[in-house]
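Trainee: Below is the file entry_20.pdb, with PDB, C-alpha atoms.
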```
MODEL        1
ATOM      1  CA  GLY A   1     100.254  89.064  97.392  1.00  0.00           C
ATOM      2  CA  ASN A   2      99.039  92.258  98.966  1.00  0.00           C
ATOM      3  CA  SER A   3      96.065  93.557  97.065  1.00  0.00           C
ATOM      4  CA  VAL A   4      92.528  94.839  97.191  1.00  0.00           C
ATOM      5  CA  THR A   5      89.729  93.511  94.986  1.00  0.00           C
ATOM      6  CA  GLN A   6      86.352  95.161  94.675  1.00  0.00           C
ATOM      7  CA  MET A   7      83.304  94.404  92.599  1.00  0.00           C
ATOM      8  CA  GLU A   8      83.267  95.683  89.086  1.00  0.00           C
ATOM      9  CA  GLY A   9      81.070  98.526  88.080  1.00  0.00           C
ATOM     10  CA  PRO A  10      79.269 100.388  86.945  1.00  0.00           C
ATOM     11  CA  VAL A  11      76.541  99.818  89.485  1.00  0.00           C
ATOM     12  CA  THR A  12      73.257 101.506  88.626  1.00  0.00           C
ATOM     13  CA  LEU A  13      70.545 101.873  91.265  1.00  0.00           C
ATOM     14  CA  SER A  14      67.327 103.763  91.729  1.00  0.00           C
ATOM     15  CA  GLU A  15      67.073 106.349  94.472  1.00  0.00           C
ATOM     16  CA  GLU A  16      66.360 104.830  97.923  1.00  0.00           C
ATOM     17  CA  ALA A  17      67.686 101.406  96.890  1.00  0.00           C
ATOM     18  CA  PHE A  18      70.039  99.414  99.124  1.00  0.00           C
ATOM     19  CA  LEU A  19      73.702  99.525  98.162  1.00  0.00           C
ATOM     20  CA  THR A  20      76.433  96.943  98.658  1.00  0.00           C
ATOM     21  CA  ILE A  21      79.868  97.246  97.104  1.00  0.00           C
ATOM     22  CA  ASN A  22      81.983  94.196  97.849  1.00  0.00           C
ATOM     23  CA  CYS A  23      85.638  94.449  98.778  1.00  0.00           C
ATOM     24  CA  THR A  24      88.140  91.788  99.789  1.00  0.00           C
ATOM     25  CA  TYR A  25      91.798  92.157 100.602  1.00  0.00           C
ATOM     26  CA  THR A  26      94.882  90.037 100.919  1.00  0.00           C
ATOM     27  CA  ALA A  27      97.548  90.920 103.438  1.00  0.00           C
ATOM     28  CA  THR A  28      99.848  89.616 106.070  1.00  0.00           C
ATOM     29  CA  GLY A  29      98.314  90.618 109.362  1.00  0.00           C
ATOM     30  CA  TYR A  30      95.481  93.073 109.850  1.00  0.00           C
ATOM     31  CA  PRO A  31      96.018  96.323 107.996  1.00  0.00           C
ATOM     32  CA  SER A  32      93.805  99.347 108.441  1.00  0.00           C
ATOM     33  CA  LEU A  33      91.054  99.566 105.824  1.00  0.00           C
ATOM     34  CA  PHE A  34      89.379 102.552 104.200  1.00  0.00           C
ATOM     35  CA  TRP A  35      86.771 103.587 101.696  1.00  0.00           C
ATOM     36  CA  TYR A  36      87.540 106.662  99.611  1.00  0.00           C
ATOM     37  CA  VAL A  37      85.006 108.375  97.351  1.00  0.00           C
ATOM     38  CA  GLN A  38      85.597 110.409  94.199  1.00  0.00           C
ATOM     39  CA  TYR A  39      82.725 112.668  93.137  1.00  0.00           C
ATOM     40  CA  PRO A  40      82.615 113.753  89.491  1.00  0.00           C
ATOM     41  CA  GLY A  41      85.387 116.202  88.657  1.00  0.00           C
ATOM     42  CA  GLU A  42      86.969 116.030  92.095  1.00  0.00           C
ATOM     43  CA  GLY A  43      89.846 114.330  93.854  1.00  0.00           C
ATOM     44  CA  LEU A  44      89.380 111.435  96.247  1.00  0.00           C
ATOM     45  CA  GLN A  45      88.295 111.989  99.825  1.00  0.00           C
ATOM     46  CA  LEU A  46      88.121 109.689 102.815  1.00  0.00           C
ATOM     47  CA  LEU A  47      84.633 108.304 103.394  1.00  0.00           C
ATOM     48  CA  LEU A  48      85.222 105.967 106.340  1.00  0.00           C
ATOM     49  CA  LYS A  49      87.825 103.739 107.959  1.00  0.00           C
ATOM     50  CA  ALA A  50      88.326 100.785 110.296  1.00  0.00           C
ATOM     51  CA  THR A  51      91.604 100.145 112.019  1.00  0.00           C
ATOM     52  CA  LYS A  52      91.119  96.682 113.538  1.00  0.00           C
ATOM     53  CA  ALA A  53      89.080  93.530 113.183  1.00  0.00           C
ATOM     54  CA  ASP A  54      85.335  93.876 113.900  1.00  0.00           C
ATOM     55  CA  ASP A  55      85.520  97.669 113.765  1.00  0.00           C
ATOM     56  CA  LYS A  56      82.679  99.339 111.915  1.00  0.00           C
ATOM     57  CA  GLY A  57      83.398 102.551 110.049  1.00  0.00           C
ATOM     58  CA  SER A  58      80.492 104.845 109.227  1.00  0.00           C
ATOM     59  CA  ASN A  59      79.875 108.223 107.630  1.00  0.00           C
ATOM     60  CA  LYS A  60      77.068 109.915 105.651  1.00  0.00           C
ATOM     61  CA  GLY A  61      74.849 106.828 106.037  1.00  0.00           C
ATOM     62  CA  PHE A  62      77.526 104.487 104.668  1.00  0.00           C
ATOM     63  CA  GLU A  63      78.904 101.636 106.757  1.00  0.00           C
ATOM     64  CA  ALA A  64      81.597  98.992 106.411  1.00  0.00           C
ATOM     65  CA  THR A  65      82.668  96.307 108.894  1.00  0.00           C
ATOM     66  CA  TYR A  66      86.193  94.903 109.081  1.00  0.00           C
ATOM     67  CA  ARG A  67      85.736  91.118 108.802  1.00  0.00           C
ATOM     68  CA  LYS A  68      88.986  89.255 109.351  1.00  0.00           C
ATOM     69  CA  GLU A  69      87.373  85.814 108.879  1.00  0.00           C
ATOM     70  CA  THR A  70      86.382  86.639 105.331  1.00  0.00           C
ATOM     71  CA  THR A  71      89.063  89.317 104.750  1.00  0.00           C
ATOM     72  CA  SER A  72      86.323  91.650 103.603  1.00  0.00           C
ATOM     73  CA  PHE A  73      85.267  95.251 104.051  1.00  0.00           C
ATOM     74  CA  HIS A  74      82.011  95.612 102.117  1.00  0.00           C
ATOM     75  CA  LEU A  75      80.474  99.070 101.786  1.00  0.00           C
ATOM     76  CA  GLU A  76      76.737  99.389 102.467  1.00  0.00           C
ATOM     77  CA  LYS A  77      74.095 102.075 102.528  1.00  0.00           C
ATOM     78  CA  GLY A  78      70.448 101.533 103.281  1.00  0.00           C
ATOM     79  CA  SER A  79      68.988 104.180 100.972  1.00  0.00           C
ATOM     80  CA  VAL A  80      71.095 105.801  98.270  1.00  0.00           C
ATOM     81  CA  GLN A  81      70.555 109.268  96.851  1.00  0.00           C
ATOM     82  CA  VAL A  82      71.361 110.761  93.462  1.00  0.00           C
ATOM     83  CA  SER A  83      74.125 112.750  95.185  1.00  0.00           C
ATOM     84  CA  ASP A  84      75.875 109.464  96.084  1.00  0.00           C
ATOM     85  CA  SER A  85      76.764 108.950  92.423  1.00  0.00           C
ATOM     86  CA  ALA A  86      80.545 108.672  92.450  1.00  0.00           C
ATOM     87  CA  VAL A  87      83.438 106.229  92.198  1.00  0.00           C
ATOM     88  CA  TYR A  88      84.171 104.309  95.404  1.00  0.00           C
ATOM     89  CA  PHE A  89      87.614 102.915  96.215  1.00  0.00           C
ATOM     90  CA  CYS A  90      88.378 100.237  98.774  1.00  0.00           C
ATOM     91  CA  VAL A  91      91.834 100.830 100.230  1.00  0.00           C
ATOM     92  CA  ARG A  92      94.176  99.119 102.637  1.00  0.00           C
ATOM     93  CA  ARG A  93      97.217 100.401 104.467  1.00  0.00           C
ATOM     94  CA  GLY A  94     100.548  99.344 103.038  1.00  0.00           C
ATOM     95  CA  TYR A  95     103.592  98.423 105.068  1.00  0.00           C
ATOM     96  CA  GLN A  96     105.459 101.666 104.551  1.00  0.00           C
ATOM     97  CA  GLY A  97     103.984 104.453 106.628  1.00  0.00           C
ATOM     98  CA  GLY A  98     101.506 106.531 104.659  1.00  0.00           C
ATOM     99  CA  LYS A  99     101.436 104.257 101.640  1.00  0.00           C
ATOM    100  CA  LEU A 100      97.984 103.068 100.585  1.00  0.00           C
ATOM    101  CA  ILE A 101      96.964 100.265  98.226  1.00  0.00           C
ATOM    102  CA  PHE A 102      93.828 100.959  96.182  1.00  0.00           C
ATOM    103  CA  GLY A 103      91.247  98.698  94.647  1.00  0.00           C
ATOM    104  CA  GLN A 104      90.251  99.375  91.069  1.00  0.00           C
ATOM    105  CA  GLY A 105      87.241 101.497  91.982  1.00  0.00           C
ATOM    106  CA  THR A 106      83.510 100.904  91.534  1.00  0.00           C
ATOM    107  CA  GLU A 107      81.405 103.490  89.768  1.00  0.00           C
ATOM    108  CA  LEU A 108      77.966 104.038  91.274  1.00  0.00           C
ATOM    109  CA  SER A 109      75.205 105.775  89.348  1.00  0.00           C
ATOM    110  CA  VAL A 110      71.963 106.560  91.186  1.00  0.00           C
ATOM    111  CA  LYS A 111      68.929 107.450  89.068  1.00  0.00           C
ATOM    112  CA  PRO A 112      66.004 109.516  90.359  1.00  0.00           C
TER     113      PRO A 112
ATOM    114  CA  ASP B   1      90.408 122.952 105.150  1.00  0.00           C
ATOM    115  CA  VAL B   2      93.423 121.266 103.619  1.00  0.00           C
ATOM    116  CA  LYS B   3      93.953 122.290 100.070  1.00  0.00           C
ATOM    117  CA  VAL B   4      95.963 120.335  97.553  1.00  0.00           C
ATOM    118  CA  THR B   5      96.255 122.239  94.302  1.00  0.00           C
ATOM    119  CA  GLN B   6      97.361 120.800  91.012  1.00  0.00           C
ATOM    120  CA  SER B   7      98.427 123.462  88.570  1.00  0.00           C
ATOM    121  CA  SER B   8      96.625 122.152  85.493  1.00  0.00           C
ATOM    122  CA  ARG B   9      93.289 120.450  85.081  1.00  0.00           C
ATOM    123  CA  TYR B  10      93.944 119.349  81.499  1.00  0.00           C
ATOM    124  CA  LEU B  11      97.182 119.050  79.547  1.00  0.00           C
ATOM    125  CA  VAL B  12      97.883 117.937  76.007  1.00  0.00           C
ATOM    126  CA  LYS B  13     101.491 117.169  75.143  1.00  0.00           C
ATOM    127  CA  ARG B  14     103.335 115.565  72.264  1.00  0.00           C
ATOM    128  CA  THR B  15     105.342 112.369  72.366  1.00  0.00           C
ATOM    129  CA  GLY B  16     108.910 113.064  73.464  1.00  0.00           C
ATOM    130  CA  GLU B  17     108.142 116.320  75.271  1.00  0.00           C
ATOM    131  CA  LYS B  18     109.319 116.898  78.816  1.00  0.00           C
ATOM    132  CA  VAL B  19     106.273 117.426  81.029  1.00  0.00           C
ATOM    133  CA  PHE B  20     106.039 118.961  84.486  1.00  0.00           C
ATOM    134  CA  LEU B  21     103.036 118.383  86.737  1.00  0.00           C
ATOM    135  CA  GLU B  22     102.968 120.627  89.778  1.00  0.00           C
ATOM    136  CA  CYS B  23     101.309 120.077  93.127  1.00  0.00           C
ATOM    137  CA  VAL B  24     101.141 122.410  96.114  1.00  0.00           C
ATOM    138  CA  GLN B  25      99.624 121.782  99.562  1.00  0.00           C
ATOM    139  CA  ASP B  26      98.946 124.361 102.241  1.00  0.00           C
ATOM    140  CA  MET B  27      98.809 122.272 105.422  1.00  0.00           C
ATOM    141  CA  ASP B  28     102.496 121.778 106.142  1.00  0.00           C
ATOM    142  CA  HIS B  29     102.199 118.058 105.399  1.00  0.00           C
ATOM    143  CA  GLU B  30     105.419 116.088 105.396  1.00  0.00           C
ATOM    144  CA  ASN B  31     104.168 113.333 103.095  1.00  0.00           C
ATOM    145  CA  MET B  32     103.336 113.853  99.456  1.00  0.00           C
ATOM    146  CA  PHE B  33     102.389 111.327  96.786  1.00  0.00           C
ATOM    147  CA  TRP B  34     101.844 111.046  93.049  1.00  0.00           C
ATOM    148  CA  TYR B  35      99.367 108.479  91.719  1.00  0.00           C
ATOM    149  CA  ARG B  36      98.017 107.757  88.290  1.00  0.00           C
ATOM    150  CA  GLN B  37      94.420 106.659  87.848  1.00  0.00           C
ATOM    151  CA  ASP B  38      93.383 104.436  84.945  1.00  0.00           C
ATOM    152  CA  PRO B  39      90.024 102.724  84.335  1.00  0.00           C
ATOM    153  CA  GLY B  40      89.928  99.246  85.811  1.00  0.00           C
ATOM    154  CA  LEU B  41      93.295  99.674  87.534  1.00  0.00           C
ATOM    155  CA  GLY B  42      92.454 101.989  90.406  1.00  0.00           C
ATOM    156  CA  LEU B  43      95.224 104.238  91.645  1.00  0.00           C
ATOM    157  CA  ARG B  44      98.841 103.218  91.279  1.00  0.00           C
ATOM    158  CA  LEU B  45     101.612 104.906  93.212  1.00  0.00           C
ATOM    159  CA  ILE B  46     104.337 106.460  91.092  1.00  0.00           C
ATOM    160  CA  TYR B  47     106.560 108.227  93.645  1.00  0.00           C
ATOM    161  CA  PHE B  48     106.283 109.550  97.164  1.00  0.00           C
ATOM    162  CA  SER B  49     108.213 111.800  99.480  1.00  0.00           C
ATOM    163  CA  TYR B  50     108.409 112.038 103.258  1.00  0.00           C
ATOM    164  CA  ASP B  51     110.479 115.182 103.432  1.00  0.00           C
ATOM    165  CA  VAL B  52     112.133 117.918 101.433  1.00  0.00           C
ATOM    166  CA  LYS B  53     114.670 116.569  98.941  1.00  0.00           C
ATOM    167  CA  MET B  54     113.620 113.038  99.791  1.00  0.00           C
ATOM    168  CA  LYS B  55     111.900 110.707  97.321  1.00  0.00           C
ATOM    169  CA  GLU B  56     111.081 107.049  97.063  1.00  0.00           C
ATOM    170  CA  LYS B  57     109.871 104.957  94.165  1.00  0.00           C
ATOM    171  CA  GLY B  58     106.366 103.670  94.230  1.00  0.00           C
ATOM    172  CA  ASP B  59     104.990 100.778  92.233  1.00  0.00           C
ATOM    173  CA  ILE B  60     105.339 102.231  88.726  1.00  0.00           C
ATOM    174  CA  PRO B  61     108.207 104.754  88.671  1.00  0.00           C
ATOM    175  CA  GLU B  62     109.500 103.945  85.193  1.00  0.00           C
ATOM    176  CA  GLY B  63     109.437 106.944  82.888  1.00  0.00           C
ATOM    177  CA  TYR B  64     108.902 109.392  85.745  1.00  0.00           C
ATOM    178  CA  SER B  65     110.959 111.417  88.174  1.00  0.00           C
ATOM    179  CA  VAL B  66     110.039 113.831  90.971  1.00  0.00           C
ATOM    180  CA  SER B  67     111.343 116.911  92.702  1.00  0.00           C
ATOM    181  CA  ARG B  68     110.690 118.126  96.248  1.00  0.00           C
ATOM    182  CA  GLU B  69     112.717 121.301  96.732  1.00  0.00           C
ATOM    183  CA  LYS B  70     110.208 122.865  99.138  1.00  0.00           C
ATOM    184  CA  LYS B  71     107.975 121.196 101.675  1.00  0.00           C
ATOM    185  CA  GLU B  72     104.750 122.424 100.108  1.00  0.00           C
ATOM    186  CA  ARG B  73     105.571 121.537  96.507  1.00  0.00           C
ATOM    187  CA  PHE B  74     105.977 118.146  94.847  1.00  0.00           C
ATOM    188  CA  SER B  75     106.564 118.001  91.114  1.00  0.00           C
ATOM    189  CA  LEU B  76     106.152 115.020  88.819  1.00  0.00           C
ATOM    190  CA  ILE B  77     108.327 114.989  85.699  1.00  0.00           C
ATOM    191  CA  LEU B  78     107.844 112.954  82.570  1.00  0.00           C
ATOM    192  CA  GLU B  79     111.298 113.054  81.012  1.00  0.00           C
ATOM    193  CA  SER B  80     110.086 112.064  77.541  1.00  0.00           C
ATOM    194  CA  ALA B  81     106.330 111.704  77.357  1.00  0.00           C
ATOM    195  CA  SER B  82     104.880 108.646  75.666  1.00  0.00           C
ATOM    196  CA  THR B  83     101.320 107.789  74.676  1.00  0.00           C
ATOM    197  CA  ASN B  84     101.077 105.130  77.409  1.00  0.00           C
ATOM    198  CA  GLN B  85     101.454 107.918  79.948  1.00  0.00           C
ATOM    199  CA  THR B  86      98.092 109.349  78.932  1.00  0.00           C
ATOM    200  CA  SER B  87      96.212 109.194  82.218  1.00  0.00           C
ATOM    201  CA  MET B  88      94.707 111.056  85.153  1.00  0.00           C
ATOM    202  CA  TYR B  89      97.410 112.097  87.625  1.00  0.00           C
ATOM    203  CA  LEU B  90      96.508 112.652  91.262  1.00  0.00           C
ATOM    204  CA  CYS B  91      98.629 114.331  93.890  1.00  0.00           C
ATOM    205  CA  ALA B  92      98.015 113.716  97.601  1.00  0.00           C
ATOM    206  CA  SER B  93      99.478 114.757 100.933  1.00  0.00           C
ATOM    207  CA  SER B  94      99.237 113.719 104.574  1.00  0.00           C
ATOM    208  CA  PHE B  95     100.779 114.271 107.973  1.00  0.00           C
ATOM    209  CA  PRO B  96     103.995 112.485 108.885  1.00  0.00           C
ATOM    210  CA  GLY B  97     103.941 108.776 109.607  1.00  0.00           C
ATOM    211  CA  GLY B  98     100.750 108.290 107.624  1.00  0.00           C
ATOM    212  CA  GLY B  99      98.918 107.055 110.673  1.00  0.00           C
ATOM    213  CA  ASP B 100      95.262 106.248 110.553  1.00  0.00           C
ATOM    214  CA  ASP B 101      94.317 109.638 111.909  1.00  0.00           C
ATOM    215  CA  SER B 102      96.046 111.330 109.012  1.00  0.00           C
ATOM    216  CA  PRO B 103      94.173 110.481 105.825  1.00  0.00           C
ATOM    217  CA  LEU B 104      95.428 111.377 102.404  1.00  0.00           C
ATOM    218  CA  HIS B 105      94.134 114.649 100.983  1.00  0.00           C
ATOM    219  CA  PHE B 106      93.922 114.659  97.207  1.00  0.00           C
ATOM    220  CA  GLY B 107      94.039 117.320  94.542  1.00  0.00           C
ATOM    221  CA  ASN B 108      91.420 117.361  91.788  1.00  0.00           C
ATOM    222  CA  GLY B 109      93.722 115.720  89.298  1.00  0.00           C
ATOM    223  CA  THR B 110      95.437 116.561  86.026  1.00  0.00           C
ATOM    224  CA  ARG B 111      94.203 114.773  82.941  1.00  0.00           C
ATOM    225  CA  LEU B 112      97.205 114.392  80.662  1.00  0.00           C
ATOM    226  CA  THR B 113      96.874 113.400  77.030  1.00  0.00           C
ATOM    227  CA  VAL B 114     100.012 112.525  75.090  1.00  0.00           C
ATOM    228  CA  THR B 115      99.560 112.524  71.318  1.00  0.00           C
TER     229      THR B 115
ENDMDL
END
```
What does this structure look like when you write it as structure tokens?
Mentor:
Amino acid sequence: GNSVTQMEGPVTLSEEAFLTINCTYTATGYPSLFWYVQYPGEGLQLLLKATKADDKGSNKGFEATYRKETTSFHLEKGSVQVSDSAVYFCVRRGYQGGKLIFGQGTELSVKP
Amino acid sequence: DVKVTQSSRYLVKRTGEKVFLECVQDMDHENMFWYRQDPGLGLRLIYFSYDVKMKEKGDIPEGYSVSREKKERFSLILESASTNQTSMYLCASSFPGGGDDSPLHFGNGTRLTVT
């Protein structure tokens, strides 16, 4: 089917630790991929995107590379901060324009 | 900045009530969406609209309807609220076509509790 699977949370890290949140997708073809972030009490906002294979999206120190061989789009950050505490959603483009398919979300908690 | 405003942050309703959730965006976006967010399930699309008076079913439309009488406003209606509709509801909007240069902009959500 067409879905997005990401690692279960919550993920708890100490400040300055390395972060990886795994995400894999199933799809026919090569859909655009996104990471959205939801800070406490807020709506979701786009963090980064990649529109074709081998693209790397980056923003605010976060990176994710579109890997078609492994159908993955893992989110990484070299040194997390307390302010990165949020829920992160891996998302792929659906086949109807504008429609997005969301993973289940991974909650990240960063402790000082 | 794009602003998507949901009229209520928290709502408590009784089983069987008719419930209206309102969403307004100020960027002249053609596309508008209603999602519900539940722990462990991510966001699931309820309904979406690409234009005024136009609507299409998403993945979980049962028990819901929508109204798009004006471009800036997209309303979600629970005809007869049930306890399994207790959830966080998120409205979003984007430019037409939903291309990759037009991300979704979300409201802050309405947490609905049906008792």
Trainee: List every residue of chain B that has an atom at most 12 Å from any atom of chain A, giving for each one its closest atom pair and the distance in Å to one decimal, counting all atoms listed in the file, sorted by chain and then by ascending residue number, as a Markdown table.
Mentor:
```
| residue | atom | partner | partner_atom | distance |
| --- | --- | --- | --- | --- |
| B:Val2 | CA | A:Gln45 | CA | 11.3 |
| B:Lys3 | CA | A:Gly43 | CA | 10.9 |
| B:Val4 | CA | A:Gly43 | CA | 9.3 |
| B:Thr5 | CA | A:Gly43 | CA | 10.2 |
| B:Gln6 | CA | A:Gly43 | CA | 10.3 |
| B:Arg9 | CA | A:Gly41 | CA | 9.7 |
| B:Tyr10 | CA | A:Gly41 | CA | 11.6 |
| B:His29 | CA | A:Gly98 | CA | 11.6 |
| B:Glu30 | CA | A:Gly98 | CA | 10.4 |
| B:Asn31 | CA | A:Gly98 | CA | 7.5 |
| B:Met32 | CA | A:Gly98 | CA | 9.2 |
| B:Phe33 | CA | A:Lys99 | CA | 8.6 |
| B:Trp34 | CA | A:Lys99 | CA | 11.0 |
| B:Tyr35 | CA | A:Phe102 | CA | 10.4 |
| B:Arg36 | CA | A:Phe102 | CA | 11.2 |
| B:Gln37 | CA | A:Gln104 | CA | 9.0 |
| B:Asp38 | CA | A:Gln104 | CA | 8.5 |
| B:Pro39 | CA | A:Gln104 | CA | 7.5 |
| B:Gly40 | CA | A:Gln104 | CA | 5.3 |
| B:Leu41 | CA | A:Gln104 | CA | 4.7 |
| B:Gly42 | CA | A:Gln104 | CA | 3.5 |
| B:Leu43 | CA | A:Phe102 | CA | 5.8 |
| B:Arg44 | CA | A:Phe102 | CA | 7.4 |
| B:Leu45 | CA | A:Ile101 | CA | 8.3 |
| B:Ile46 | CA | A:Lys99 | CA | 11.2 |
| B:Tyr47 | CA | A:Lys99 | CA | 10.3 |
| B:Phe48 | CA | A:Lys99 | CA | 8.5 |
| B:Ser49 | CA | A:Gly98 | CA | 10.0 |
| B:Tyr50 | CA | A:Gly98 | CA | 8.9 |
| B:Glu56 | CA | A:Gln96 | CA | 10.8 |
| B:Lys57 | CA | A:Lys99 | CA | 11.3 |
| B:Gly58 | CA | A:Lys99 | CA | 8.9 |
| B:Asp59 | CA | A:Ile101 | CA | 10.0 |
| B:Met88 | CA | A:Gly43 | CA | 10.5 |
| B:Tyr89 | CA | A:Gly43 | CA | 10.0 |
| B:Leu90 | CA | A:Gly43 | CA | 7.3 |
| B:Cys91 | CA | A:Gly43 | CA | 8.8 |
| B:Ala92 | CA | A:Gly43 | CA | 9.0 |
| B:Ser93 | CA | A:Gly98 | CA | 9.3 |
| B:Ser94 | CA | A:Gly98 | CA | 7.5 |
| B:Phe95 | CA | A:Gly98 | CA | 8.5 |
| B:Pro96 | CA | A:Gly98 | CA | 7.7 |
| B:Gly97 | CA | A:Gly97 | CA | 5.3 |
| B:Gly98 | CA | A:Gly98 | CA | 3.5 |
| B:Gly99 | CA | A:Gly98 | CA | 6.6 |
| B:Asp100 | CA | A:Thr51 | CA | 7.3 |
| B:Asp101 | CA | A:Lys49 | CA | 9.6 |
| B:Ser102 | CA | A:Gly98 | CA | 8.5 |
| B:Pro103 | CA | A:Leu46 | CA | 6.8 |
| B:Leu104 | CA | A:Leu46 | CA | 7.5 |
| B:His105 | CA | A:Gln45 | CA | 6.5 |
| B:Phe106 | CA | A:Gly43 | CA | 5.3 |
| B:Gly107 | CA | A:Gly43 | CA | 5.2 |
| B:Asn108 | CA | A:Gly43 | CA | 4.0 |
| B:Gly109 | CA | A:Gly43 | CA | 6.1 |
| B:Thr110 | CA | A:Gly43 | CA | 9.9 |
| B:Arg111 | CA | A:Gly41 | CA | 10.6 |
```
Trainee: Report, in Å to a single decimal, how far apart atom CA of Ala86 of chain A and atom CA of Arg73 of chain B are.
Mentor: 28.4 Å
Trainee: Using only C-alpha atoms, which residues sit within 9 Å of Val110 of chain A once same-chain residues fewer than 5 positions away are excluded, as a PyMOL selection string?
Mentor: chain A and resi 11-17+80-86
Trainee: Measure the distance from atom CA of Ser79 of chain A to atom CA of Glu63 of chain A in Å and round it to one decimal.
Mentor: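 One can read the atom CA of Ser79 of chain A to atom CA of Glu63 of chain A distance as 11.8 Å.
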Trainee: Name the residues that the PyMOL selection byres ((chain B and resi 66) around 6) pulls out of this structure, and write them as an NGL selection string.
Mentor: :B and (65 or 67 or 75-77)
Trainee: When you count only C-alpha atoms, which of these residues is closest to Leu21 of chain B: B:Ser82, B:Arg68, B:Ser7, B:Ser87?
Mentor: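 For Leu21 of chain B, the nearest of the candidates is B:Ser7.
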Trainee: Could you tell me how far atom CA of Glu76 of chain A lies from atom CA of Thr20 of chain A, in Å and to one decimal?
Mentor: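 Straight-line distance from atom CA of Glu76 of chain A to atom CA of Thr20 of chain A works out to 4.5 Å.
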Trainee: I would like the residues chosen by the PyMOL selection byres ((chain A and resi 75) around 8) on the shown file; could you give them as a PyMOL selection string?
Mentor: chain A and resi 19-23+35+62-65+73-74+76-77
Trainee: Next, the residues of the selection above should be written as a compact mmCIF listing (two decimals), in the frame of the given file with C-alpha atoms.
Mentor:
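What follows is the written file part08.txt:
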```txt
# COMPACT_ATOMS: atom_id res chain seq x y z
CA LEU A 19 73.70 99.52 98.16
CA THR A 20 76.43 96.94 98.66
CA ILE A 21 79.87 97.25 97.10
CA ASN A 22 81.98 94.20 97.85
CA CYS A 23 85.64 94.45 98.78
CA TRP A 35 86.77 103.59 101.70
CA PHE A 62 77.53 104.49 104.67
CA GLU A 63 78.90 101.64 106.76
CA ALA A 64 81.60 98.99 106.41
CA THR A 65 82.67 96.31 108.89
CA PHE A 73 85.27 95.25 104.05
CA HIS A 74 82.01 95.61 102.12
CA GLU A 76 76.74 99.39 102.47
CA LYS A 77 74.10 102.08 102.53
```
Trainee: What would the selection look like, as a PyMOL selection string, if the PyMOL selection byres ((chain B and resi 115) around 12) were run on the coordinates I just shared?
Mentor: chain B and resi 11-17+81-87+112-114
Trainee: In terms of the shortest atom-to-atom distance over only C-alpha atoms, which of A:Thr28, A:Val37, A:Thr71, A:Asp54 is closest to Val87 of chain A?
Mentor: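 Of A:Thr28, A:Val37, A:Thr71, A:Asp54, the one nearest Val87 of chain A is A:Val37, counting only C-alpha atoms.
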